[in-house]
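All remarks here apply to the structure that follows.
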Amino acid sequence: MPVVRAPLAAPAPPVTPPPPPKLPSANLNPNYQNGFHHGVSLLHGWLPVTVELVAVAAFILAIGWRTRRWRLVLLPVSVVLGAAGAVAAWAYVNDQGLASDPAPVELWACVGIAVAAIAVAALGWRSARWWRRGVSVLAIPLALLGTGIVLNQWVGYYPTVQSAWNALTAGPLPNQTDIDALPGLRNTDISAGKIVPVRIPDAGSGFPHRTEYVYLPPAWFAGPTPPTLPVVMMIGGEFNTPADWIRSGQIMPEVDKFTSANAGRAPILVFVDSSGSFNNDTECVNGPRGDAADHLTRDVPAYLRSRFGASADPADWAVVGWSMGGTCAVDLAVMHPELVHTFVDIAGDLGPASGNKEQTIRRLFGGDADRWAAFDPLTVMAEHGPYTGMAGLFDDLTPPKSGPGSHGAHQQAVAADDDTVGMGGYDGVFDTGEVGAAEKLCDAGHEVGIDCTIHTTQGGHTWQFASAAFTSSFPWIVARVGLPVPDAT
């Protein structure tokens, strides 16, 4: 590991960015396995199946034979309530546009069983013996746990029990340190960068957000004062926390590997909160769900410049997004070329979307079509005219191959390495909002002077693809924001 002993020198001559990187032929990052993935898998293997079977067994045991009134009246009512709960959950998710890739049927079945288990415990309490009452109560958390596991399998959110526990208990991130500890690390030799939780003031937006995170590379700590470094803003998907790129995307080992080969030099990474809560899909716009755009374009840059000495030059800023965040990356760049000149869109949509266009205008913009147009990237690019110095990279997905055995072949591949892939994109329905979006956006970009490139990879809409796309494009991003790039990383 190279040792950083002095602050960065004066800015070097402009670095010629290397050609846009080529994504791996597989849809998984070959370096994805690391310490966070050691342990019992939550995506495949024995644990998910065991929990689901135990939950079903407890539910059946809680039902029992009991009395005639139980069998003819109360049990059917419980079943109807369970079915109603599943339909209500499905309808809510669809009405709110919370997921572009439809959930597997198993998820709604688990929701139905969980609601039915609550009904069985409540309606059957009087007719149940003491031990069946205990089983009825136990069946509820087991059913909820099974629902959570299926949800996690769908999105590939937490690959192992360890990663889920660390997130749910707010365990520290790799190399996390408090902001108050930074002065003590100034002008010291550190082997890896530090991740700092921050509370960014919201004076410019009024957007209620959660704790965000800033990654400071080793070069930031060298010398008596921080060097002026470029910044990469990292935005996650619809259901998200600001730490998702770190916990679920697992990008930090590759970032550390890069800085090790680059004398500690890398951009500052800021992991932002674009939603304010786990299920609030803002699409990074200003609207009824919060002024997320103002937070990302006013609060965040001002804080990074004032607190960490980050560069104010838009050529030194990039924005990277995955899924919803990919849509945000394009939108923020074309709307604010005075802030950022580089974007990476990983499997984003054509524009901010929460259902079809009519639903999007209603949900995201309170029914105001003019506000929708103000955040539509195609409209923005056409009205802006020529851009100067703007470049973008689209890492796009195509549907998995159809045909006999294709899904089974994927499952066999998963079985060989069960800590890496969720079900995302393999539920029989591909996210059609992505199809053709990169081509349309890049074509429109070329018309107004944006230098963009498209990479297309076959695979599922999962965090694992996002991780592979980011780590493959990172050297290009680093060169774009003005830092040297090692010959091999």
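Order determines the names: the first chain of the structure tokens is A, the second B, and so forth; residues in each chain are numbered 1 upward, and ligands are numbered 1 upward as they are shown.
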Which residues of range 272-313 of chain A sit at most 12 Å from range 317-333 of chain A, using only C-alpha atoms? Give each one's shortest atom pair and distance in Å (one decimal place), in chain and ascending residue order, as CSV.
```
residue,atom,partner,partner_atom,distance
A:Val272,CA,A:Gly325,CA,10.3
A:Asp273,CA,A:Gly325,CA,10.4
A:Ser274,CA,A:Gly325,CA,8.3
A:Ser275,CA,A:Gly325,CA,10.3
A:Asn280,CA,A:Met324,CA,11.6
A:Asp281,CA,A:Met324,CA,8.3
A:Thr282,CA,A:Met324,CA,9.0
A:Glu283,CA,A:Met324,CA,6.2
A:Cys284,CA,A:Cys328,CA,5.7
A:Val285,CA,A:Cys328,CA,8.3
A:Asn286,CA,A:Leu332,CA,11.8
A:Ala292,CA,A:Cys328,CA,10.2
A:Ala293,CA,A:Leu332,CA,7.7
A:Asp294,CA,A:Leu332,CA,10.2
A:His295,CA,A:Leu332,CA,11.4
A:Leu296,CA,A:Leu332,CA,8.5
A:Thr297,CA,A:Leu332,CA,7.8
A:Arg298,CA,A:Leu332,CA,11.6
A:Val300,CA,A:Trp317,CA,11.9
A:Pro301,CA,A:Trp317,CA,9.5
A:Leu304,CA,A:Trp317,CA,11.2
A:Arg305,CA,A:Trp317,CA,11.5
A:Ala310,CA,A:Trp317,CA,9.4
A:Ser311,CA,A:Trp317,CA,7.9
A:Ala312,CA,A:Trp317,CA,8.1
A:Asp313,CA,A:Trp317,CA,7.1
```
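The helix (DSSP H, G or I) portion of range 168-212 of chain A consists of A:Leu168, A:Ile179, A:Asp180, A:Ala181, A:Leu182, A:Pro183, A:Gly184, A:Leu185, with states taken from DSSP on the backbone.
Picture a line from CA of Arg66 in chain A to CA of Ser136 in chain A; it runs 13.3 Å.
Among A:Trp65, A:Phe271, A:Tyr92, A:Phe365, the residue with the shortest atom-to-atom distance to Thr211 in chain A, counting only C-alpha atoms, is A:Phe271.
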Which residues come within 10 Å of Ile149 in chain A, counting only C-alpha atoms, excluding same-chain residues fewer than 5 positions away, as an MDAnalysis selection string? chainID A and resid 42:44 47:49 51:52 107 110 143:144 154 156:158
Identify all residues of range 172-309 of chain A in strand (DSSP E) (DSSP on the backbone) and supply them as a PyMOL selection string. chain A and resi 194-198+212-216+231-235+268-271+286-287+290-291
Selected residues written out with N, CA and C atoms, as an mmCIF file, in the first residue's frame:
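Saved result, again39.cif, follows:
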```
data_model
loop_
_atom_site.group_PDB
_atom_site.id
_atom_site.type_symbol
_atom_site.label_atom_id
_atom_site.label_comp_id
_atom_site.auth_asym_id
_atom_site.auth_seq_id
_atom_site.Cartn_x
_atom_site.Cartn_y
_atom_site.Cartn_z
ATOM 1 N N LYS A 194 -11.596 7.029 4.822
ATOM 2 C CA LYS A 194 -12.537 6.973 5.937
ATOM 3 C C LYS A 194 -13.938 7.360 5.471
ATOM 4 N N ILE A 195 -14.923 6.717 6.061
ATOM 5 C CA ILE A 195 -16.328 7.035 5.799
ATOM 6 C C ILE A 195 -16.875 7.775 7.008
ATOM 7 N N VAL A 196 -17.455 8.946 6.754
ATOM 8 C CA VAL A 196 -17.889 9.825 7.832
ATOM 9 C C VAL A 196 -19.400 10.050 7.734
ATOM 10 N N PRO A 197 -20.174 9.691 8.763
ATOM 11 C CA PRO A 197 -21.595 10.057 8.762
ATOM 12 C C PRO A 197 -21.748 11.558 8.997
ATOM 13 N N VAL A 198 -22.615 12.185 8.222
ATOM 14 C CA VAL A 198 -22.770 13.641 8.321
ATOM 15 C C VAL A 198 -24.254 14.006 8.348
ATOM 16 N N GLU A 212 -26.375 11.139 6.062
ATOM 17 C CA GLU A 212 -25.681 10.843 4.814
ATOM 18 C C GLU A 212 -24.225 10.533 5.124
ATOM 19 N N TYR A 213 -23.473 10.086 4.111
ATOM 20 C CA TYR A 213 -22.109 9.619 4.353
ATOM 21 C C TYR A 213 -21.148 10.222 3.335
ATOM 22 N N VAL A 214 -19.952 10.536 3.811
ATOM 23 C CA VAL A 214 -18.898 11.077 2.957
ATOM 24 C C VAL A 214 -17.670 10.178 3.079
ATOM 25 N N TYR A 215 -17.163 9.749 1.928
ATOM 26 C CA TYR A 215 -15.910 8.983 1.895
ATOM 27 C C TYR A 215 -14.778 9.941 1.565
ATOM 28 N N LEU A 216 -13.756 9.949 2.423
ATOM 29 C CA LEU A 216 -12.568 10.780 2.226
ATOM 30 C C LEU A 216 -11.390 9.860 1.915
ATOM 31 N N VAL A 231 -15.442 15.581 -6.567
ATOM 32 C CA VAL A 231 -16.516 14.906 -5.831
ATOM 33 C C VAL A 231 -17.327 14.040 -6.777
ATOM 34 N N VAL A 232 -17.718 12.861 -6.282
ATOM 35 C CA VAL A 232 -18.674 12.008 -6.977
ATOM 36 C C VAL A 232 -19.879 11.814 -6.064
ATOM 37 N N MET A 233 -21.038 12.248 -6.527
ATOM 38 C CA MET A 233 -22.273 12.079 -5.770
ATOM 39 C C MET A 233 -22.886 10.728 -6.123
ATOM 40 N N MET A 234 -23.198 9.920 -5.100
ATOM 41 C CA MET A 234 -23.701 8.563 -5.278
ATOM 42 C C MET A 234 -25.171 8.496 -4.863
ATOM 43 N N ILE A 235 -26.045 8.058 -5.787
ATOM 44 C CA ILE A 235 -27.484 7.998 -5.527
ATOM 45 C C ILE A 235 -27.966 6.567 -5.741
ATOM 46 N N ILE A 268 -13.601 12.561 -3.519
ATOM 47 C CA ILE A 268 -14.511 12.426 -2.383
ATOM 48 C C ILE A 268 -15.802 11.803 -2.908
ATOM 49 N N LEU A 269 -16.329 10.826 -2.201
ATOM 50 C CA LEU A 269 -17.622 10.243 -2.547
ATOM 51 C C LEU A 269 -18.642 10.691 -1.500
ATOM 52 N N VAL A 270 -19.788 11.185 -1.943
ATOM 53 C CA VAL A 270 -20.838 11.556 -1.011
ATOM 54 C C VAL A 270 -22.064 10.699 -1.312
ATOM 55 N N PHE A 271 -22.485 9.942 -0.315
ATOM 56 C CA PHE A 271 -23.628 9.030 -0.437
ATOM 57 C C PHE A 271 -24.854 9.761 0.107
ATOM 58 N N ASN A 286 -38.423 18.114 -7.199
ATOM 59 C CA ASN A 286 -39.124 18.912 -6.204
ATOM 60 C C ASN A 286 -40.620 18.712 -6.385
ATOM 61 N N GLY A 287 -41.304 18.307 -5.333
ATOM 62 C CA GLY A 287 -42.730 18.054 -5.458
ATOM 63 C C GLY A 287 -43.350 17.701 -4.134
ATOM 64 N N GLY A 290 -41.373 15.997 -1.415
ATOM 65 C CA GLY A 290 -40.210 16.696 -0.863
ATOM 66 C C GLY A 290 -39.355 17.312 -1.947
ATOM 67 N N ASP A 291 -38.633 18.361 -1.597
ATOM 68 C CA ASP A 291 -37.767 19.051 -2.551
ATOM 69 C C ASP A 291 -36.396 18.395 -2.577
#
```
Name the residues in contact with range 177-191 of chain A at a cut-off of 12 Å, using only C-alpha atoms, excluding same-chain residues fewer than 2 positions from it; report them as an NGL selection string. :A and (1-8 or 172-175 or 193-199 or 213-227 or 256-265 or 307-308)
Which residues are close to Gly389 in chain A, i.e. within 8 Å by only C-alpha atoms, leaving aside same-chain residues fewer than 4 positions away? Reply as a ChimeraX atom specification. /A:315,341,450
Could you write out the selected residues, including C-alpha atoms, as a PDB file, in the first residue's frame?
```pdb
ATOM      1  CA  ALA A 315     -15.647  19.781 -14.298  1.00  0.00           C
ATOM      2  CA  HIS A 341     -20.159  17.778 -15.963  1.00  0.00           C
ATOM      3  CA  ILE A 450     -23.084  15.757 -24.679  1.00  0.00           C
TER       4      ILE A 450
END
```
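Checking A:His446, A:His461, A:Arg480, A:Arg247 one by one against Thr342 in chain A, counting only C-alpha atoms, you find the shortest gap at A:Arg480.
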Shell around Trp125 in chain A at 12 Å using only C-alpha atoms, local window under 6 positions removed, as a ChimeraX atom specification: /A:62-63,66,70,74-75,117-119,131-137
In Å, with one decimal, what is the gap from CA of Phe394 in chain A to CA of Ile454 in chain A?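 Rounded to one decimal, the two atoms are 4.7 Å apart.
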Set the distance at 10 Å and use only C-alpha atoms: which residues neighbour Ala353 in chain A once local chain neighbours fewer than 3 positions away are removed? I'd like the list as a ChimeraX atom specification. /A:97-98,100,281-283,324,327,349-350,356-361,363-364,372,376,433
Minimum-distance residue to Pro377 in chain A, chosen among A:Ala444, A:Val77, A:Val54, A:Ala86 (using only C-alpha atoms):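 Of the candidates, the smallest distance to Pro377 in chain A is held by A:Ala444.
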A:Ser473, A:Asn152, A:Ser354, A:Thr50 ranked by distance to Gly392 in chain A, top pick (using only C-alpha atoms):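 Distance minimum relative to Gly392 in chain A lands on A:Ser473.
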